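Chemist: Handing over query.csv, CSV, C-alpha atoms.
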```
chain,number,residue,atom,x,y,z
A,1,MET,CA,21.2,-39.0,39.2
A,2,CYS,CA,20.1,-38.5,42.7
A,3,PRO,CA,21.9,-35.5,44.2
A,4,GLU,CA,21.9,-37.2,47.6
A,5,CYS,CA,23.2,-40.6,46.8
A,6,ASP,CA,24.2,-40.6,43.1
A,7,ALA,CA,21.7,-43.5,42.3
A,8,ARG,CA,20.1,-43.6,38.9
A,9,VAL,CA,16.5,-42.3,39.2
A,10,SER,CA,14.0,-43.3,36.6
A,11,VAL,CA,11.0,-41.1,35.8
A,12,PRO,CA,7.7,-41.7,34.1
A,13,ASP,CA,7.5,-40.8,30.3
A,14,ASP,CA,5.3,-37.8,30.9
A,15,VAL,CA,7.4,-36.4,33.7
A,16,GLU,CA,7.1,-32.6,34.1
A,17,ARG,CA,9.1,-29.9,35.7
A,18,GLY,CA,8.0,-29.4,39.2
A,19,GLU,CA,7.0,-33.0,39.7
A,20,LEU,CA,8.1,-35.0,42.7
A,21,VAL,CA,9.8,-38.4,42.4
A,22,GLN,CA,11.4,-40.6,44.9
A,23,CYS,CA,14.9,-41.9,44.8
A,24,PRO,CA,14.7,-45.8,44.6
A,25,GLU,CA,17.9,-46.2,46.6
A,26,CYS,CA,18.0,-43.6,49.4
A,27,GLY,CA,14.3,-42.8,49.4
A,28,VAL,CA,14.7,-39.1,49.4
A,29,GLU,CA,12.0,-37.0,47.8
A,30,LEU,CA,13.3,-35.3,44.6
A,31,GLU,CA,11.9,-32.4,42.6
A,32,VAL,CA,12.4,-32.4,38.9
A,33,VAL,CA,13.9,-29.0,38.1
A,34,ALA,CA,14.9,-29.5,34.4
A,35,LEU,CA,13.9,-32.0,31.7
A,36,GLU,CA,16.6,-31.9,29.1
A,37,PRO,CA,18.9,-32.9,30.6
A,38,LEU,CA,17.0,-34.3,33.5
A,39,ARG,CA,18.0,-32.7,36.8
A,40,PHE,CA,16.8,-33.1,40.3
A,41,ILE,CA,17.1,-31.3,43.6
A,42,VAL,CA,16.3,-32.6,47.0
A,43,ALA,CA,12.7,-31.4,47.4
A,44,PRO,CA,12.2,-28.5,49.8
A,45,PRO,CA,10.4,-29.6,53.0
A,46,GLU,CA,6.7,-29.0,53.4
A,47,GLU,CA,6.0,-25.4,54.4
A,48,GLU,CA,3.6,-24.5,57.2
A,49,ASP,CA,1.1,-22.8,54.9
A,50,TRP,CA,0.9,-25.7,52.4
A,51,GLY,CA,-2.4,-27.3,51.9
A,52,GLU,CA,-5.7,-27.4,50.1
B,1,MET,CA,-7.5,-19.1,24.9
B,2,ARG,CA,-4.6,-18.9,27.3
B,3,VAL,CA,-4.8,-20.3,30.8
B,4,ALA,CA,-2.0,-19.9,33.4
B,5,LEU,CA,-1.9,-22.8,35.8
B,6,LEU,CA,-0.3,-21.2,38.9
B,7,CYS,CA,1.3,-23.9,41.1
B,8,SER,CA,4.2,-24.7,43.5
B,9,ARG,CA,4.7,-28.3,42.5
B,10,ILE,CA,3.1,-30.5,39.9
B,11,ARG,CA,0.9,-32.8,41.9
B,12,VAL,CA,-1.3,-35.4,40.2
B,13,GLU,CA,-4.1,-32.8,40.3
B,14,GLU,CA,-2.2,-30.2,38.4
B,15,LYS,CA,-1.3,-32.8,35.7
B,16,LEU,CA,-5.0,-33.8,35.4
B,17,LEU,CA,-6.1,-30.2,35.2
B,18,ARG,CA,-3.6,-29.3,32.6
B,19,HIS,CA,-4.6,-32.3,30.4
B,20,ALA,CA,-8.3,-31.5,30.9
B,21,LEU,CA,-7.7,-28.0,29.7
B,22,GLN,CA,-5.5,-29.0,26.8
B,23,ARG,CA,-8.1,-31.5,25.6
B,24,ARG,CA,-10.5,-28.6,25.4
B,25,GLY,CA,-8.2,-26.8,23.1
B,26,VAL,CA,-6.8,-24.4,25.6
B,27,THR,CA,-3.2,-23.3,25.7
B,28,VAL,CA,-1.9,-23.9,29.2
B,29,GLU,CA,1.2,-22.1,30.7
B,30,VAL,CA,2.4,-23.7,33.9
B,31,VAL,CA,3.7,-21.0,36.1
B,32,ASP,CA,5.8,-21.8,39.2
B,33,ASP,CA,4.9,-19.4,42.0
B,34,ARG,CA,8.5,-19.4,43.2
B,35,GLU,CA,9.7,-18.0,39.9
B,36,LEU,CA,7.0,-15.4,39.4
B,37,VAL,CA,7.7,-11.7,39.3
B,38,LEU,CA,4.6,-9.5,39.1
B,39,ASP,CA,4.8,-5.8,38.3
B,40,LEU,CA,1.9,-4.1,40.2
B,41,ALA,CA,2.0,-1.3,37.5
B,42,GLY,CA,0.9,-3.9,35.0
B,43,PRO,CA,1.2,-7.6,35.5
B,44,ARG,CA,1.1,-9.8,32.4
B,45,ARG,CA,-2.3,-9.7,30.7
B,46,ASP,CA,-1.8,-12.3,28.0
B,47,TRP,CA,-3.6,-14.8,30.2
B,48,ASP,CA,-7.3,-15.0,29.8
B,49,VAL,CA,-7.6,-16.7,33.2
B,50,VAL,CA,-5.4,-17.9,36.0
B,51,LEU,CA,-6.2,-21.2,37.7
B,52,GLN,CA,-4.7,-20.8,41.1
B,53,ARG,CA,-3.4,-24.1,42.4
B,54,SER,CA,-0.4,-23.0,44.6
B,55,LEU,CA,0.4,-25.4,47.4
B,56,SER,CA,1.5,-22.4,49.4
B,57,GLN,CA,-1.6,-20.6,50.5
B,58,THR,CA,0.4,-17.4,51.1
B,59,ARG,CA,2.0,-17.3,47.7
B,60,GLY,CA,-1.2,-18.3,45.9
B,61,LEU,CA,-3.3,-15.7,47.6
B,62,ALA,CA,-0.8,-12.9,47.1
B,63,ALA,CA,-0.4,-13.7,43.4
B,64,ALA,CA,-4.2,-14.0,42.9
B,65,ARG,CA,-4.7,-10.6,44.6
B,66,VAL,CA,-2.2,-8.8,42.3
B,67,LEU,CA,-3.6,-10.4,39.2
B,68,ALA,CA,-7.3,-9.9,40.1
B,69,ALA,CA,-6.6,-6.2,41.0
B,70,ALA,CA,-5.2,-5.8,37.4
B,71,GLY,CA,-8.4,-7.3,36.0
B,72,VAL,CA,-7.2,-10.8,35.3
B,73,ALA,CA,-9.8,-13.5,35.9
B,74,VAL,CA,-8.7,-15.9,38.7
B,75,VAL,CA,-10.2,-19.2,39.7
B,76,ASN,CA,-10.9,-19.3,42.6
B,77,GLN,CA,-11.3,-15.6,43.2
B,78,PRO,CA,-8.8,-14.3,45.9
B,79,GLU,CA,-11.6,-13.2,48.3
B,80,VAL,CA,-12.9,-16.8,48.3
B,81,THR,CA,-9.5,-18.3,48.8
B,82,ALA,CA,-8.8,-15.9,51.6
B,83,LEU,CA,-12.0,-16.8,53.4
B,84,CYS,CA,-11.5,-20.5,53.0
B,85,ALA,CA,-8.0,-20.3,54.3
B,86,ASP,CA,-9.4,-18.8,57.5
B,87,LYS,CA,-11.5,-21.4,59.4
B,88,LEU,CA,-12.8,-18.7,61.8
B,89,ALA,CA,-14.0,-16.5,59.0
B,90,THR,CA,-15.5,-19.5,57.1
B,91,THR,CA,-17.4,-20.8,60.2
B,92,ALA,CA,-18.7,-17.4,61.0
B,93,LEU,CA,-20.0,-16.9,57.5
B,94,LEU,CA,-21.5,-20.4,57.3
B,95,HIS,CA,-23.3,-19.7,60.6
B,96,ALA,CA,-24.6,-16.4,59.4
B,97,ALA,CA,-25.9,-18.1,56.2
B,98,GLY,CA,-27.9,-20.5,58.3
B,99,VAL,CA,-25.6,-23.5,57.5
B,100,PRO,CA,-25.4,-26.0,60.4
B,101,VAL,CA,-21.9,-26.1,61.8
B,102,PRO,CA,-20.4,-27.7,64.9
B,103,ARG,CA,-20.7,-25.4,67.9
B,104,THR,CA,-17.6,-23.3,67.9
B,105,LEU,CA,-16.2,-20.9,70.5
B,106,VAL,CA,-13.2,-18.6,70.0
B,107,ALA,CA,-11.0,-17.2,72.7
B,108,PHE,CA,-7.7,-15.4,72.8
B,109,SER,CA,-5.8,-16.6,75.8
B,110,ALA,CA,-5.1,-20.0,77.4
B,111,GLU,CA,-7.3,-19.1,80.3
B,112,SER,CA,-10.3,-18.1,78.3
B,113,ALA,CA,-9.8,-21.0,75.9
B,114,LEU,CA,-10.0,-23.3,78.9
B,115,ARG,CA,-13.3,-21.7,79.9
B,116,ALA,CA,-14.5,-22.2,76.3
B,117,ALA,CA,-13.6,-25.9,76.5
B,118,GLU,CA,-15.3,-26.4,79.8
B,119,GLU,CA,-18.4,-24.7,78.4
B,120,LEU,CA,-18.6,-27.1,75.4
B,121,GLY,CA,-17.7,-30.1,77.5
B,122,TYR,CA,-15.0,-32.6,76.7
B,123,PRO,CA,-13.9,-33.9,74.4
B,124,VAL,CA,-13.4,-30.7,72.3
B,125,VAL,CA,-11.4,-30.1,69.2
B,126,LEU,CA,-8.8,-27.3,68.9
B,127,LYS,CA,-8.1,-26.3,65.3
B,128,PRO,CA,-5.6,-23.7,64.0
B,129,VAL,CA,-7.5,-21.0,62.2
B,130,SER,CA,-5.3,-21.5,59.1
B,131,GLY,CA,-3.9,-24.9,58.2
B,132,SER,CA,-4.5,-27.9,56.1
B,133,TRP,CA,-4.1,-31.7,55.9
B,134,GLY,CA,-5.1,-32.1,59.5
B,135,ARG,CA,-2.0,-30.5,60.9
B,136,MET,CA,-2.1,-29.2,64.5
B,137,LEU,CA,-5.6,-30.5,65.0
B,138,ALA,CA,-5.9,-31.6,68.7
B,139,ARG,CA,-8.7,-33.6,70.3
B,140,LEU,CA,-8.7,-32.6,74.0
B,141,ASN,CA,-10.3,-35.3,76.1
B,142,ASP,CA,-10.1,-33.7,79.4
B,143,ARG,CA,-9.1,-30.6,81.3
B,144,ASP,CA,-5.5,-31.8,81.8
B,145,ALA,CA,-5.0,-32.2,78.1
B,146,ALA,CA,-6.7,-28.8,77.4
B,147,GLU,CA,-4.5,-26.9,79.9
B,148,ALA,CA,-1.3,-28.5,78.4
B,149,VAL,CA,-2.1,-27.8,74.8
B,150,PHE,CA,-3.4,-24.3,75.3
B,151,GLU,CA,-0.2,-23.4,77.2
B,152,ASP,CA,2.0,-25.0,74.5
B,153,ARG,CA,0.2,-23.0,71.8
B,154,THR,CA,0.7,-19.8,73.9
B,155,VAL,CA,4.3,-20.3,74.6
B,156,LEU,CA,5.6,-22.0,71.5
B,157,GLY,CA,3.1,-20.8,68.8
B,158,SER,CA,2.9,-17.6,66.8
B,159,PRO,CA,0.3,-15.0,67.8
B,160,GLU,CA,-2.1,-16.7,65.3
B,161,HIS,CA,-1.9,-19.9,67.5
B,162,SER,CA,-3.3,-17.9,70.4
B,163,VAL,CA,-6.6,-17.5,68.4
B,164,PHE,CA,-8.2,-20.5,70.0
B,165,TYR,CA,-10.8,-22.0,67.7
B,166,VAL,CA,-12.5,-24.5,70.1
B,167,GLN,CA,-15.1,-26.8,68.6
B,168,GLU,CA,-17.5,-29.4,69.9
B,169,HIS,CA,-16.3,-32.9,69.1
B,170,VAL,CA,-18.7,-34.5,66.7
B,171,ALA,CA,-18.8,-38.3,67.2
B,172,LYS,CA,-18.8,-39.0,63.5
B,173,PRO,CA,-19.0,-42.6,62.4
B,174,GLY,CA,-15.3,-43.2,61.4
B,175,ARG,CA,-15.7,-41.1,58.3
B,176,ASP,CA,-16.6,-37.7,57.0
B,177,ILE,CA,-18.0,-36.5,53.7
B,178,ARG,CA,-16.2,-34.5,51.1
B,179,ALA,CA,-18.5,-33.0,48.4
B,180,PHE,CA,-17.2,-31.2,45.3
B,181,VAL,CA,-19.0,-28.1,44.3
B,182,VAL,CA,-18.6,-26.5,40.9
B,183,GLY,CA,-20.5,-23.3,40.5
B,184,ASP,CA,-24.0,-24.1,41.8
B,185,GLU,CA,-23.8,-27.9,41.4
B,186,VAL,CA,-22.5,-30.6,43.7
B,187,ILE,CA,-20.8,-32.8,41.1
B,188,CYS,CA,-20.0,-35.7,43.4
B,189,ALA,CA,-19.1,-36.7,47.0
B,190,VAL,CA,-17.0,-39.2,48.8
B,191,PHE,CA,-16.9,-40.7,52.2
B,192,ARG,CA,-13.4,-40.4,53.7
B,193,GLU,CA,-12.9,-43.3,56.0
B,194,SER,CA,-10.3,-43.8,58.7
B,195,ALA,CA,-9.8,-45.6,61.9
B,196,HIS,CA,-8.2,-42.3,63.2
B,197,TRP,CA,-10.4,-39.4,64.2
B,198,ILE,CA,-8.7,-37.2,61.6
B,199,THR,CA,-10.3,-38.3,58.3
B,200,ASN,CA,-8.1,-36.6,55.8
B,201,THR,CA,-6.7,-38.4,52.8
B,202,ALA,CA,-3.4,-36.6,53.3
B,203,ARG,CA,-3.3,-38.5,56.6
B,204,GLY,CA,-4.2,-41.9,55.1
B,205,ALA,CA,-8.0,-41.9,55.0
B,206,THR,CA,-9.5,-43.9,52.1
B,207,THR,CA,-12.4,-42.8,49.9
B,208,ARG,CA,-15.6,-44.4,48.8
B,209,ASP,CA,-18.4,-43.0,46.7
B,210,CYS,CA,-21.1,-41.1,48.6
B,211,VAL,CA,-24.5,-40.6,47.0
B,212,VAL,CA,-25.3,-36.8,46.8
B,213,THR,CA,-28.6,-36.6,48.7
B,214,SER,CA,-30.8,-33.6,48.4
B,215,ASP,CA,-29.6,-32.6,52.0
B,216,ILE,CA,-26.0,-32.8,51.0
B,217,ALA,CA,-26.6,-30.9,47.8
B,218,ARG,CA,-28.6,-28.1,49.5
B,219,LEU,CA,-26.0,-27.6,52.3
B,220,CYS,CA,-23.0,-27.6,50.0
B,221,VAL,CA,-24.5,-25.1,47.6
B,222,GLN,CA,-25.5,-22.9,50.5
B,223,SER,CA,-22.0,-23.2,51.9
B,224,ALA,CA,-20.3,-22.5,48.6
B,225,ARG,CA,-22.5,-19.4,48.1
B,226,ALA,CA,-21.7,-18.2,51.7
B,227,VAL,CA,-18.0,-18.0,50.8
B,228,GLY,CA,-18.5,-16.5,47.4
B,229,GLY,CA,-18.7,-19.6,45.2
B,230,GLY,CA,-16.3,-21.2,42.7
B,231,VAL,CA,-14.7,-24.6,42.6
B,232,LEU,CA,-14.9,-25.8,46.2
B,233,ALA,CA,-14.7,-28.9,48.3
B,234,VAL,CA,-17.1,-28.9,51.3
B,235,ASP,CA,-16.4,-31.2,54.2
B,236,LEU,CA,-19.4,-32.5,56.2
B,237,LEU,CA,-19.7,-34.4,59.4
B,238,GLU,CA,-22.5,-36.8,60.2
B,239,ASP,CA,-23.8,-36.3,63.7
B,240,GLY,CA,-26.6,-38.9,64.1
B,241,ASP,CA,-29.0,-37.9,61.4
B,242,ARG,CA,-27.8,-34.3,61.3
B,243,LEU,CA,-25.2,-33.0,58.8
B,244,LEU,CA,-22.8,-30.3,59.9
B,245,VAL,CA,-20.4,-28.4,57.6
B,246,SER,CA,-16.9,-28.4,59.0
B,247,GLU,CA,-15.0,-26.6,56.3
B,248,VAL,CA,-14.8,-25.4,52.8
B,249,ASN,CA,-11.6,-25.8,50.7
B,250,ALA,CA,-10.6,-23.5,47.8
B,251,THR,CA,-7.7,-25.4,46.2
B,252,MET,CA,-9.0,-28.9,46.7
B,253,GLU,CA,-7.2,-32.2,46.1
B,254,PHE,CA,-9.3,-34.8,44.3
B,255,ARG,CA,-7.0,-37.5,42.9
B,256,ASN,CA,-8.6,-40.1,45.2
B,257,SER,CA,-12.2,-39.2,44.3
B,258,ILE,CA,-12.2,-39.6,40.5
B,259,ASP,CA,-12.2,-43.4,40.2
B,260,VAL,CA,-14.5,-44.0,43.1
B,261,THR,CA,-17.2,-41.5,41.9
B,262,GLY,CA,-16.7,-42.0,38.2
B,263,VAL,CA,-17.0,-38.2,37.8
B,264,ASP,CA,-14.5,-36.3,35.6
B,265,ILE,CA,-13.6,-33.8,38.3
B,266,PRO,CA,-10.7,-32.1,36.4
B,267,GLY,CA,-12.9,-31.9,33.3
B,268,ARG,CA,-15.6,-30.1,35.3
B,269,VAL,CA,-13.1,-27.7,36.8
B,270,ALA,CA,-11.7,-27.1,33.3
B,271,GLY,CA,-15.2,-26.2,32.2
B,272,VAL,CA,-15.5,-23.5,34.9
B,273,VAL,CA,-12.1,-22.1,34.0
B,274,ILE,CA,-13.0,-21.8,30.4
B,275,ASP,CA,-16.3,-20.1,31.3
B,276,ALA,CA,-14.4,-17.6,33.5
B,277,ALA,CA,-12.1,-16.8,30.6
B,278,ARG,CA,-15.0,-16.3,28.2
B,279,GLY,CA,-16.7,-14.1,30.8
B,280,ALA,CA,-13.5,-12.0,31.1
B,281,GLN,CA,-13.2,-11.8,27.3
B,282,THR,CA,-16.8,-10.6,26.9
B,283,MET,CA,-16.3,-8.0,29.7
B,284,ALA,CA,-13.1,-6.8,28.0
B,285,ALA,CA,-14.8,-6.5,24.6
B,286,ALA,CA,-17.7,-4.6,26.2
B,287,GLY,CA,-15.5,-2.4,28.4
```
Show me, as structure tokens, the structure contained in the file I just sent.
Modeler:
Amino acid sequence: MCPECDARVSVPDDVERGELVQCPECGVELEVVALEPLRFIVAPPEEEDWGE
Amino acid sequence: MRVALLCSRIRVEEKLLRHALQRRGVTVEVVDDRELVLDLAGPRRDWDVVLQRSLSQTRGLAAARVLAAAGVAVVNQPEVTALCADKLATTALLHAAGVPVPRTLVAFSAESALRAAEELGYPVVLKPVSGSWGRMLARLNDRDAAEAVFEDRTVLGSPEHSVFYVQEHVAKPGRDIRAFVVGDEVICAVFRESAHWITNTARGATTRDCVVTSDIARLCVQSARAVGGGVLAVDLLEDGDRLLVSEVNATMEFRNSIDVTGVDIPGRVAGVVIDAARGAQTMAAAG
């Protein structure tokens, strides 16, 4: 469930902890923080020192 | 063999790298840099090598330094990552190594930065010395724009934003070249094409295969050696028939370059990581 809007969020079969998915209803970016059971948090915003 | 994949988030790249390592029989432990606690008296040593893929340059570099100091092999080595994270240090080293780079001036106040811009002639490009994905890049077309942006950076920015890295604007043909260097070999290259002057795939540029010419290969290997070598992405600008190296990246993204080049980039990176682990094992056995 999306922590922002409670929508059901589907994930790919090979989903991993730390992966980003998007909520299909509210569009918020979610980070997968647990797999069993599946749990999401709203992904932290991009930080200034992020990059390649 | 045990490899730690140090990351902040699992991007497509990290998944591909993990799969590539596992296919080669390596045990991969995914380590989230936000959850890591390192004891300087003796960080964990049950990793043969750490592949540093943190999104956060600060966290990735800090962890790499602690691990490398304790004798853990890290790809890329922290010295290389630190250099690549600093555009000023990179450009200075490339210049010293005889690699052609866009003409670059550095100044430390809005007034002297303006003098630098006038000396180069407009348009000029102002780049933050650290930063990625084309953030905070400014093309300054005239003196009015330069005065405004230099003042903004002075007033609103951190002290680092008052290190003014002012570069000649290269009228590249709607694209730049990104070449992937693994060890002493350029394994493939792509054109990054965009209608915008910032040709970064994180900003919407698209990729197309670019044949690795002998010039590209020579410049990229020279650039990679200048920063200490490893797994690197070298960005080049076409200026007429000249090639200029604009930057070297130490934790490259490559998802958009595998299909167009047909080169197994994650597989090649995995090979280097495994070689580094073997090297570390041999040294430990001898030591």
Chemist: Using all atoms listed in the file, what table do you get, as a Markdown table, when you list each residue of chain B with an atom no more than 6 Å from chain A, its nearest pair of atoms, and their distance in Å rounded to one decimal, rows by chain then rising number?
Modeler:
```
| residue | atom | partner | partner_atom | distance |
| --- | --- | --- | --- | --- |
| B:Arg9 | CA | A:Gly18 | CA | 4.8 |
| B:Ile10 | CA | A:Glu19 | CA | 4.6 |
| B:Leu55 | CA | A:Trp50 | CA | 5.0 |
| B:Ser56 | CA | A:Trp50 | CA | 4.5 |
| B:Gln57 | CA | A:Asp49 | CA | 5.6 |
| B:Ser132 | CA | A:Gly51 | CA | 4.7 |
| B:Thr251 | CA | A:Glu52 | CA | 4.8 |
| B:Met252 | CA | A:Glu52 | CA | 5.0 |
```
Chemist: Would you pick out the contacts of range 180-193 of chain B at 6 Å or less, using all atoms listed in the file, so that residues sharing its chain but fewer than 3 positions from it are not included, and give the list as a VMD selection string?
Modeler: chain B and resid 174 to 177 199 205 to 210 217 221 230 to 233
Chemist: One number please: CA of Gly267 in chain B to CA of Ala20 in chain B, in Å, one decimal.
Modeler: 5.2 Å
Chemist: With a distance cut-off of 10 Å and all atoms listed in the file, select the neighbouring residues of Gln167 in chain B, excluding the residue or stretch itself and same-chain residues fewer than 6 positions from it, and output the selection as a list in words.
Modeler: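 These residues fall inside the cut-off: Val101, Pro102, Arg103, Thr104, Leu105, Val106, Ala116, Ala117, Leu120, Gly121, Tyr122, Pro123, Val124, Val125, Leu126, Lys127, Arg139 and Ser246 of chain B.
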Chemist: So that I can see what lies close to Phe108 in chain B, please list as a list in words the residues with an atom at most 10 Å from it, counting only C-alpha atoms and leaving out residues fewer than 5 positions away in the same chain.
Modeler: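 Close residues of Phe108 in chain B: Ala113, Thr154, Pro159, Glu160, His161, Ser162, Val163, Phe164 and Tyr165 of chain B.
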Chemist: Just the residues within 12 Å of Val28 in chain A, please, counting only C-alpha atoms, with nothing from its chain fewer than 3 positions along; format it as a count of residues only.
Modeler: 20
Chemist: Could you check how far CA of Asp239 in chain B sits from CA of Ala171 in chain B, in Å to one decimal?
Modeler: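 If I compute the distance from CA of Asp239 in chain B to CA of Ala171 in chain B, I get 6.4 Å.
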